[in-house]
file model_12.cif (mmCIF, N, CA and C atoms)
data_coords
#
loop_
_atom_site.label_atom_id
_atom_site.label_comp_id
_atom_site.auth_asym_id
_atom_site.auth_seq_id
_atom_site.Cartn_x
_atom_site.Cartn_y
_atom_site.Cartn_z
N GLN A 15 -43.95 19.67 21.21
CA GLN A 15 -44.81 20.44 20.33
C GLN A 15 -46.23 20.42 20.88
N VAL A 16 -46.84 21.59 20.94
CA VAL A 16 -48.20 21.69 21.46
C VAL A 16 -49.20 21.25 20.39
N GLN A 17 -50.12 20.39 20.78
CA GLN A 17 -51.14 19.92 19.84
C GLN A 17 -52.51 19.89 20.50
N LEU A 18 -53.52 20.17 19.68
CA LEU A 18 -54.92 20.04 20.10
C LEU A 18 -55.62 19.11 19.12
N VAL A 19 -56.40 18.19 19.65
CA VAL A 19 -57.13 17.26 18.80
C VAL A 19 -58.59 17.25 19.23
N GLU A 20 -59.48 17.64 18.32
CA GLU A 20 -60.92 17.65 18.60
C GLU A 20 -61.53 16.30 18.22
N SER A 21 -62.60 15.96 18.89
CA SER A 21 -63.36 14.77 18.58
C SER A 21 -64.80 14.97 19.05
N GLY A 22 -65.68 14.05 18.62
CA GLY A 22 -67.06 14.10 19.09
C GLY A 22 -68.05 14.66 18.10
N GLY A 23 -67.57 15.13 16.96
CA GLY A 23 -68.50 15.63 15.96
C GLY A 23 -69.28 14.50 15.31
N GLY A 24 -70.25 14.88 14.48
CA GLY A 24 -71.04 13.88 13.79
C GLY A 24 -72.31 14.47 13.23
N LEU A 25 -73.21 13.57 12.82
CA LEU A 25 -74.50 13.96 12.25
C LEU A 25 -75.58 13.77 13.31
N VAL A 26 -76.39 14.79 13.52
CA VAL A 26 -77.43 14.73 14.53
C VAL A 26 -78.67 15.47 14.00
N GLN A 27 -79.83 15.05 14.45
CA GLN A 27 -81.06 15.74 14.06
C GLN A 27 -81.24 17.02 14.87
N ALA A 28 -81.97 17.94 14.31
CA ALA A 28 -82.27 19.18 15.02
C ALA A 28 -82.92 18.86 16.37
N GLY A 29 -82.46 19.57 17.38
CA GLY A 29 -82.94 19.33 18.73
C GLY A 29 -82.07 18.37 19.52
N GLY A 30 -81.16 17.70 18.84
CA GLY A 30 -80.29 16.74 19.49
C GLY A 30 -79.09 17.37 20.18
N SER A 31 -78.23 16.52 20.69
CA SER A 31 -77.06 16.98 21.45
C SER A 31 -75.79 16.28 20.99
N LEU A 32 -74.69 16.97 21.16
CA LEU A 32 -73.36 16.40 20.95
C LEU A 32 -72.42 16.99 22.00
N ARG A 33 -71.39 16.25 22.31
CA ARG A 33 -70.36 16.75 23.21
C ARG A 33 -69.02 16.66 22.51
N LEU A 34 -68.44 17.81 22.24
CA LEU A 34 -67.13 17.86 21.61
C LEU A 34 -66.04 17.85 22.67
N SER A 35 -64.95 17.17 22.35
CA SER A 35 -63.80 17.13 23.24
C SER A 35 -62.59 17.72 22.54
N CYS A 36 -61.71 18.30 23.32
CA CYS A 36 -60.46 18.86 22.80
C CYS A 36 -59.34 18.35 23.70
N ALA A 37 -58.55 17.45 23.19
CA ALA A 37 -57.45 16.87 23.96
C ALA A 37 -56.16 17.62 23.65
N ALA A 38 -55.51 18.08 24.70
CA ALA A 38 -54.27 18.85 24.54
C ALA A 38 -53.07 17.99 24.91
N SER A 39 -51.98 18.20 24.21
CA SER A 39 -50.74 17.49 24.51
C SER A 39 -49.55 18.40 24.26
N GLY A 40 -48.43 18.04 24.85
CA GLY A 40 -47.21 18.80 24.66
C GLY A 40 -46.95 19.81 25.75
N ARG A 41 -47.97 20.08 26.55
CA ARG A 41 -47.82 21.06 27.62
C ARG A 41 -49.03 20.93 28.53
N THR A 42 -48.88 21.29 29.78
CA THR A 42 -50.02 21.36 30.69
C THR A 42 -50.74 22.67 30.47
N PHE A 43 -52.05 22.58 30.21
CA PHE A 43 -52.79 23.75 29.80
C PHE A 43 -53.57 24.40 30.94
N SER A 44 -53.20 24.11 32.14
CA SER A 44 -53.97 24.60 33.27
C SER A 44 -53.93 26.12 33.40
N ASN A 45 -52.90 26.77 32.86
CA ASN A 45 -52.78 28.22 33.02
C ASN A 45 -53.18 29.00 31.77
N TYR A 46 -53.83 28.35 30.84
CA TYR A 46 -54.08 28.98 29.55
C TYR A 46 -55.57 29.12 29.25
N ASN A 47 -55.90 30.21 28.60
CA ASN A 47 -57.27 30.42 28.15
C ASN A 47 -57.55 29.63 26.88
N MET A 48 -58.77 29.12 26.78
CA MET A 48 -59.12 28.30 25.63
C MET A 48 -60.43 28.76 25.02
N GLY A 49 -60.61 28.42 23.76
CA GLY A 49 -61.84 28.82 23.09
C GLY A 49 -62.29 27.77 22.08
N TRP A 50 -63.56 27.85 21.74
CA TRP A 50 -64.14 27.05 20.66
C TRP A 50 -64.65 28.03 19.58
N PHE A 51 -64.35 27.70 18.35
CA PHE A 51 -64.81 28.46 17.20
C PHE A 51 -65.45 27.50 16.21
N ARG A 52 -66.15 28.06 15.23
CA ARG A 52 -66.70 27.22 14.17
C ARG A 52 -66.65 27.95 12.85
N GLN A 53 -66.65 27.16 11.79
CA GLN A 53 -66.62 27.75 10.45
C GLN A 53 -67.52 26.94 9.53
N ALA A 54 -68.54 27.61 9.01
CA ALA A 54 -69.45 26.99 8.06
C ALA A 54 -68.93 27.28 6.65
N PRO A 55 -69.33 26.47 5.67
CA PRO A 55 -68.87 26.67 4.29
C PRO A 55 -69.18 28.07 3.79
N GLY A 56 -68.17 28.74 3.24
CA GLY A 56 -68.37 30.06 2.69
C GLY A 56 -68.43 31.18 3.71
N LYS A 57 -68.21 30.85 4.99
CA LYS A 57 -68.29 31.87 6.04
C LYS A 57 -66.97 31.96 6.78
N GLU A 58 -66.80 33.06 7.49
CA GLU A 58 -65.60 33.24 8.29
C GLU A 58 -65.70 32.41 9.58
N ARG A 59 -64.54 32.13 10.12
CA ARG A 59 -64.52 31.43 11.41
C ARG A 59 -65.09 32.35 12.48
N GLU A 60 -65.99 31.81 13.30
CA GLU A 60 -66.64 32.65 14.31
C GLU A 60 -66.51 32.06 15.69
N PHE A 61 -66.50 32.94 16.66
CA PHE A 61 -66.40 32.57 18.07
C PHE A 61 -67.65 31.84 18.52
N VAL A 62 -67.47 30.79 19.32
CA VAL A 62 -68.59 30.06 19.90
C VAL A 62 -68.58 30.21 21.42
N ALA A 63 -67.44 29.85 22.04
CA ALA A 63 -67.35 29.90 23.50
C ALA A 63 -65.90 30.01 23.94
N GLY A 64 -65.69 30.58 25.11
CA GLY A 64 -64.34 30.70 25.66
C GLY A 64 -64.35 30.44 27.15
N ILE A 65 -63.22 29.97 27.67
CA ILE A 65 -63.12 29.68 29.10
C ILE A 65 -61.79 30.17 29.61
N SER A 66 -61.84 30.85 30.74
CA SER A 66 -60.63 31.38 31.34
C SER A 66 -59.77 30.26 31.90
N TRP A 67 -58.49 30.54 32.09
CA TRP A 67 -57.56 29.53 32.57
C TRP A 67 -58.01 28.94 33.90
N GLY A 68 -58.70 29.69 34.73
CA GLY A 68 -59.15 29.19 36.02
C GLY A 68 -60.48 28.47 35.99
N GLY A 69 -61.09 28.36 34.83
CA GLY A 69 -62.37 27.69 34.71
C GLY A 69 -63.56 28.65 34.66
N SER A 70 -63.35 29.84 35.12
CA SER A 70 -64.37 30.88 35.00
C SER A 70 -63.67 32.22 34.97
N PRO A 71 -64.23 33.20 34.32
CA PRO A 71 -65.54 33.16 33.68
C PRO A 71 -65.53 32.42 32.35
N THR A 72 -66.72 32.22 31.85
CA THR A 72 -66.91 31.65 30.53
C THR A 72 -67.67 32.65 29.67
N TYR A 73 -67.51 32.51 28.36
CA TYR A 73 -68.11 33.45 27.42
C TYR A 73 -68.75 32.67 26.29
N TYR A 74 -69.85 33.22 25.77
CA TYR A 74 -70.56 32.57 24.69
C TYR A 74 -71.01 33.59 23.65
N SER A 75 -71.13 33.13 22.42
CA SER A 75 -71.75 33.98 21.41
C SER A 75 -73.24 34.01 21.68
N ASP A 76 -73.89 35.04 21.23
CA ASP A 76 -75.33 35.16 21.44
C ASP A 76 -76.10 34.01 20.81
N SER A 77 -75.59 33.48 19.72
CA SER A 77 -76.31 32.43 19.00
C SER A 77 -76.31 31.08 19.73
N VAL A 78 -75.40 30.89 20.67
CA VAL A 78 -75.35 29.59 21.36
C VAL A 78 -75.63 29.70 22.85
N LYS A 79 -75.70 30.91 23.35
CA LYS A 79 -75.91 31.11 24.79
C LYS A 79 -77.18 30.42 25.24
N GLY A 80 -77.08 29.66 26.33
CA GLY A 80 -78.23 28.93 26.84
C GLY A 80 -78.37 27.53 26.27
N ARG A 81 -77.64 27.25 25.20
CA ARG A 81 -77.70 25.91 24.58
C ARG A 81 -76.38 25.16 24.70
N PHE A 82 -75.27 25.89 24.64
CA PHE A 82 -73.94 25.28 24.69
C PHE A 82 -73.28 25.58 26.03
N THR A 83 -72.43 24.66 26.47
CA THR A 83 -71.67 24.86 27.71
C THR A 83 -70.23 24.46 27.49
N ILE A 84 -69.32 25.35 27.80
CA ILE A 84 -67.89 25.06 27.71
C ILE A 84 -67.38 24.68 29.08
N SER A 85 -66.46 23.72 29.13
CA SER A 85 -65.86 23.31 30.39
C SER A 85 -64.46 22.80 30.12
N ARG A 86 -63.73 22.55 31.20
CA ARG A 86 -62.39 21.99 31.05
C ARG A 86 -62.10 21.07 32.21
N ASP A 87 -61.22 20.11 31.97
CA ASP A 87 -60.78 19.17 32.98
C ASP A 87 -59.27 19.28 33.05
N ILE A 88 -58.78 19.95 34.08
CA ILE A 88 -57.34 20.19 34.19
C ILE A 88 -56.58 18.88 34.29
N ALA A 89 -57.11 17.93 35.05
CA ALA A 89 -56.42 16.66 35.25
C ALA A 89 -56.25 15.91 33.94
N LYS A 90 -57.21 16.06 33.04
CA LYS A 90 -57.15 15.36 31.77
C LYS A 90 -56.56 16.23 30.66
N ASN A 91 -56.22 17.46 31.00
CA ASN A 91 -55.67 18.38 30.00
C ASN A 91 -56.60 18.47 28.79
N ALA A 92 -57.88 18.70 29.07
CA ALA A 92 -58.88 18.68 28.02
C ALA A 92 -59.92 19.77 28.23
N ALA A 93 -60.58 20.12 27.14
CA ALA A 93 -61.71 21.04 27.18
C ALA A 93 -62.87 20.40 26.44
N TYR A 94 -64.08 20.87 26.77
CA TYR A 94 -65.27 20.24 26.20
C TYR A 94 -66.26 21.33 25.77
N LEU A 95 -67.12 20.95 24.85
CA LEU A 95 -68.23 21.81 24.44
C LEU A 95 -69.48 20.94 24.38
N GLN A 96 -70.34 21.08 25.37
CA GLN A 96 -71.61 20.38 25.38
C GLN A 96 -72.61 21.20 24.58
N MET A 97 -73.19 20.59 23.55
CA MET A 97 -74.09 21.30 22.66
C MET A 97 -75.46 20.64 22.73
N ASN A 98 -76.44 21.39 23.22
CA ASN A 98 -77.82 20.91 23.32
C ASN A 98 -78.72 21.75 22.42
N GLY A 99 -79.86 21.22 22.10
CA GLY A 99 -80.80 21.97 21.28
C GLY A 99 -80.21 22.39 19.95
N LEU A 100 -79.50 21.49 19.31
CA LEU A 100 -78.80 21.84 18.08
C LEU A 100 -79.76 22.23 16.97
N LEU A 101 -79.33 23.19 16.17
CA LEU A 101 -80.10 23.72 15.06
C LEU A 101 -79.33 23.51 13.76
N PRO A 102 -80.02 23.47 12.62
CA PRO A 102 -79.30 23.35 11.34
C PRO A 102 -78.24 24.44 11.16
N ASP A 103 -78.48 25.62 11.69
CA ASP A 103 -77.50 26.71 11.58
C ASP A 103 -76.23 26.45 12.38
N ASP A 104 -76.24 25.45 13.23
CA ASP A 104 -75.03 25.10 13.98
C ASP A 104 -74.08 24.23 13.16
N THR A 105 -74.51 23.82 11.98
CA THR A 105 -73.67 23.00 11.11
C THR A 105 -72.40 23.75 10.74
N ALA A 106 -71.26 23.13 11.03
CA ALA A 106 -69.96 23.77 10.78
C ALA A 106 -68.85 22.82 11.20
N VAL A 107 -67.64 23.20 10.87
CA VAL A 107 -66.46 22.55 11.45
C VAL A 107 -66.13 23.31 12.72
N TYR A 108 -65.98 22.58 13.81
CA TYR A 108 -65.71 23.18 15.12
C TYR A 108 -64.24 22.99 15.48
N TYR A 109 -63.63 24.09 15.94
CA TYR A 109 -62.22 24.10 16.29
C TYR A 109 -62.04 24.52 17.74
N CYS A 110 -61.12 23.88 18.42
CA CYS A 110 -60.69 24.40 19.72
C CYS A 110 -59.34 25.09 19.54
N ALA A 111 -59.07 26.03 20.43
CA ALA A 111 -57.85 26.82 20.33
C ALA A 111 -57.37 27.20 21.72
N VAL A 112 -56.08 27.43 21.85
CA VAL A 112 -55.50 27.79 23.13
C VAL A 112 -54.55 28.98 22.96
N ARG A 113 -54.56 29.83 23.97
CA ARG A 113 -53.64 30.96 24.01
C ARG A 113 -52.52 30.61 24.97
N LEU A 114 -51.29 30.65 24.51
CA LEU A 114 -50.14 30.25 25.32
C LEU A 114 -49.45 31.43 25.99
N ARG A 115 -49.91 32.62 25.72
CA ARG A 115 -49.29 33.80 26.29
C ARG A 115 -50.02 34.24 27.57
N ASP A 116 -49.82 35.51 27.96
CA ASP A 116 -50.39 36.03 29.20
C ASP A 116 -51.83 35.58 29.44
N SER A 117 -52.11 35.23 30.69
CA SER A 117 -53.39 34.60 31.01
C SER A 117 -54.50 35.60 31.30
N THR A 118 -54.15 36.85 31.54
CA THR A 118 -55.18 37.84 31.85
C THR A 118 -55.54 38.60 30.58
N ILE A 119 -56.71 38.28 30.04
CA ILE A 119 -57.16 38.94 28.82
C ILE A 119 -58.59 39.41 29.00
N SER A 120 -59.00 40.33 28.17
CA SER A 120 -60.35 40.87 28.27
C SER A 120 -61.36 39.91 27.67
N ALA A 121 -62.62 40.12 28.01
CA ALA A 121 -63.69 39.30 27.45
C ALA A 121 -63.71 39.41 25.93
N ASN A 122 -63.43 40.59 25.44
CA ASN A 122 -63.42 40.82 23.99
C ASN A 122 -62.36 39.99 23.29
N MET A 123 -61.24 39.82 23.95
CA MET A 123 -60.14 39.08 23.33
C MET A 123 -60.48 37.61 23.15
N PHE A 124 -61.29 37.04 24.01
CA PHE A 124 -61.70 35.65 23.85
C PHE A 124 -62.40 35.42 22.51
N ARG A 125 -63.03 36.46 21.99
CA ARG A 125 -63.86 36.33 20.79
C ARG A 125 -63.09 36.49 19.49
N ARG A 126 -61.80 36.78 19.56
CA ARG A 126 -61.01 37.07 18.37
C ARG A 126 -60.09 35.92 18.03
N THR A 127 -60.04 35.51 16.77
CA THR A 127 -59.19 34.39 16.37
C THR A 127 -57.71 34.68 16.62
N GLU A 128 -57.30 35.92 16.47
CA GLU A 128 -55.87 36.25 16.62
C GLU A 128 -55.40 36.17 18.06
N THR A 129 -56.32 36.00 18.99
CA THR A 129 -55.95 35.84 20.40
C THR A 129 -55.23 34.52 20.64
N TYR A 130 -55.52 33.52 19.84
CA TYR A 130 -55.08 32.15 20.11
C TYR A 130 -53.84 31.77 19.30
N ASP A 131 -53.03 30.91 19.91
CA ASP A 131 -51.75 30.55 19.32
C ASP A 131 -51.73 29.17 18.65
N VAL A 132 -52.54 28.26 19.15
CA VAL A 132 -52.56 26.90 18.61
C VAL A 132 -54.00 26.49 18.36
N TRP A 133 -54.22 25.84 17.22
CA TRP A 133 -55.56 25.40 16.82
C TRP A 133 -55.54 23.90 16.55
N GLY A 134 -56.69 23.28 16.80
CA GLY A 134 -56.85 21.89 16.40
C GLY A 134 -57.23 21.80 14.94
N GLN A 135 -57.41 20.57 14.47
CA GLN A 135 -57.70 20.34 13.05
C GLN A 135 -59.19 20.46 12.73
N GLY A 136 -60.01 20.48 13.77
CA GLY A 136 -61.44 20.65 13.59
C GLY A 136 -62.20 19.33 13.55
N THR A 137 -63.47 19.40 13.91
CA THR A 137 -64.37 18.25 13.84
C THR A 137 -65.69 18.71 13.26
N GLN A 138 -66.22 17.94 12.33
CA GLN A 138 -67.43 18.34 11.60
C GLN A 138 -68.67 18.04 12.43
N VAL A 139 -69.55 19.02 12.52
CA VAL A 139 -70.86 18.87 13.13
C VAL A 139 -71.90 19.19 12.07
N THR A 140 -72.80 18.25 11.83
CA THR A 140 -73.85 18.44 10.85
C THR A 140 -75.19 18.20 11.53
N VAL A 141 -76.07 19.19 11.44
CA VAL A 141 -77.39 19.10 12.06
C VAL A 141 -78.43 19.09 10.96
N SER A 142 -79.20 18.01 10.90
CA SER A 142 -80.23 17.87 9.87
C SER A 142 -81.56 18.39 10.39
N SER A 143 -82.35 18.92 9.48
CA SER A 143 -83.65 19.48 9.89
C SER A 143 -84.76 18.44 9.84
#
call {"tool": "encode", "arguments": {"input": "model_12.cif", "output": "structure tokens"}}
result
Amino acid sequence: QVQLVESGGGLVQAGGSLRLSCAASGRTFSNYNMGWFRQAPGKEREFVAGISWGGSPTYYSDSVKGRFTISRDIAKNAAYLQMNGLLPDDTAVYYCAVRLRDSTISANMFRRTETYDVWGQGTQVTVSS
């Protein structure tokens, strides 16, 4: 069974940094596209960042571009989200997700929740002002 487990969330002051991890199990994820999403209370789940199966290209939402960096470690079967310059508006539950189907997808598809087949349980990130 394919599983994703996020970790690394927590409480941080505005301007601080966190590094989220997404550990995958049940399958080798080297050929699959992955993404990070977030959901704040009362809001829809939104795209944060995506990474192609080969490690590039990467994609970011306008709200995090220049502050967040997505990466993956094939050997560890893991993906990461380095978050710098955190803002109170970044407060949300962060989810990683993987697409298990065809590996060639458009940039637009990375941004859609329906693109992905498996989701983690999420990790809470809270940024205080």
call {"tool": "atom_distance", "arguments": {"input": "model_12.cif", "atom1": "atom CA of A:Gln17", "atom2": "atom CA of A:Gly64"}}
result
18.0 Å
call {"tool": "select_by_dssp", "arguments": {"input": "model_12.cif", "residues": "chain A", "states": "strand (DSSP E)", "output": "MDAnalysis selection string"}}
result
chainID A and resid 17:21 24:27 32:39 48:53 60:65 72:74 82:87 92:97 106:112 132:133 137:142
call {"tool": "closest_residue", "arguments": {"input": "model_12.cif", "among": "A:Met97, A:Val19, A:Leu25, A:Ile119", "to": "A:Thr140", "atoms": "only N, CA and C atoms"}}
result
A:Leu25
call {"tool": "residues_around", "arguments": {"input": "model_12.cif", "residues": "A:Leu95", "least_positions_apart": "6", "cutoff": "8 Å", "atoms": "all atoms listed in the file", "output": "list in words"}}
result
Leu32, Arg33, Leu34, Ser35, Cys36, Trp50, Phe82, Thr83, Ile84, Ser85 and Arg86 of chain A
call {"tool": "closest_residue", "arguments": {"input": "model_12.cif", "among": "A:Thr129, A:Ser142, A:Ser31, A:Ser120", "to": "A:Gln96", "atoms": "only C-alpha atoms"}}
result
A:Ser31
call {"tool": "atom_distance", "arguments": {"input": "model_12.cif", "atom1": "atom C of A:Ser66", "atom2": "atom N of A:Gln138"}}
result
24.0 Å
call {"tool": "resolve_selection", "arguments": {"input": "model_12.cif", "expression": "the PyMOL selection byres (((chain A and resi 49 and name CA) around 8) and name CA)", "output": "list in words"}}
result
Asn47, Met48, Trp50, Phe51, Phe61, Val62, Ala63, Gly64, Ile65, Cys110, Ala111, Val112 and Phe124 of chain A
call {"tool": "closest_residue", "arguments": {"input": "model_12.cif", "among": "A:Leu114, A:Ala54, A:Val78, A:Leu101", "to": "A:Val132", "atoms": "only C-alpha atoms"}}
result
A:Leu114
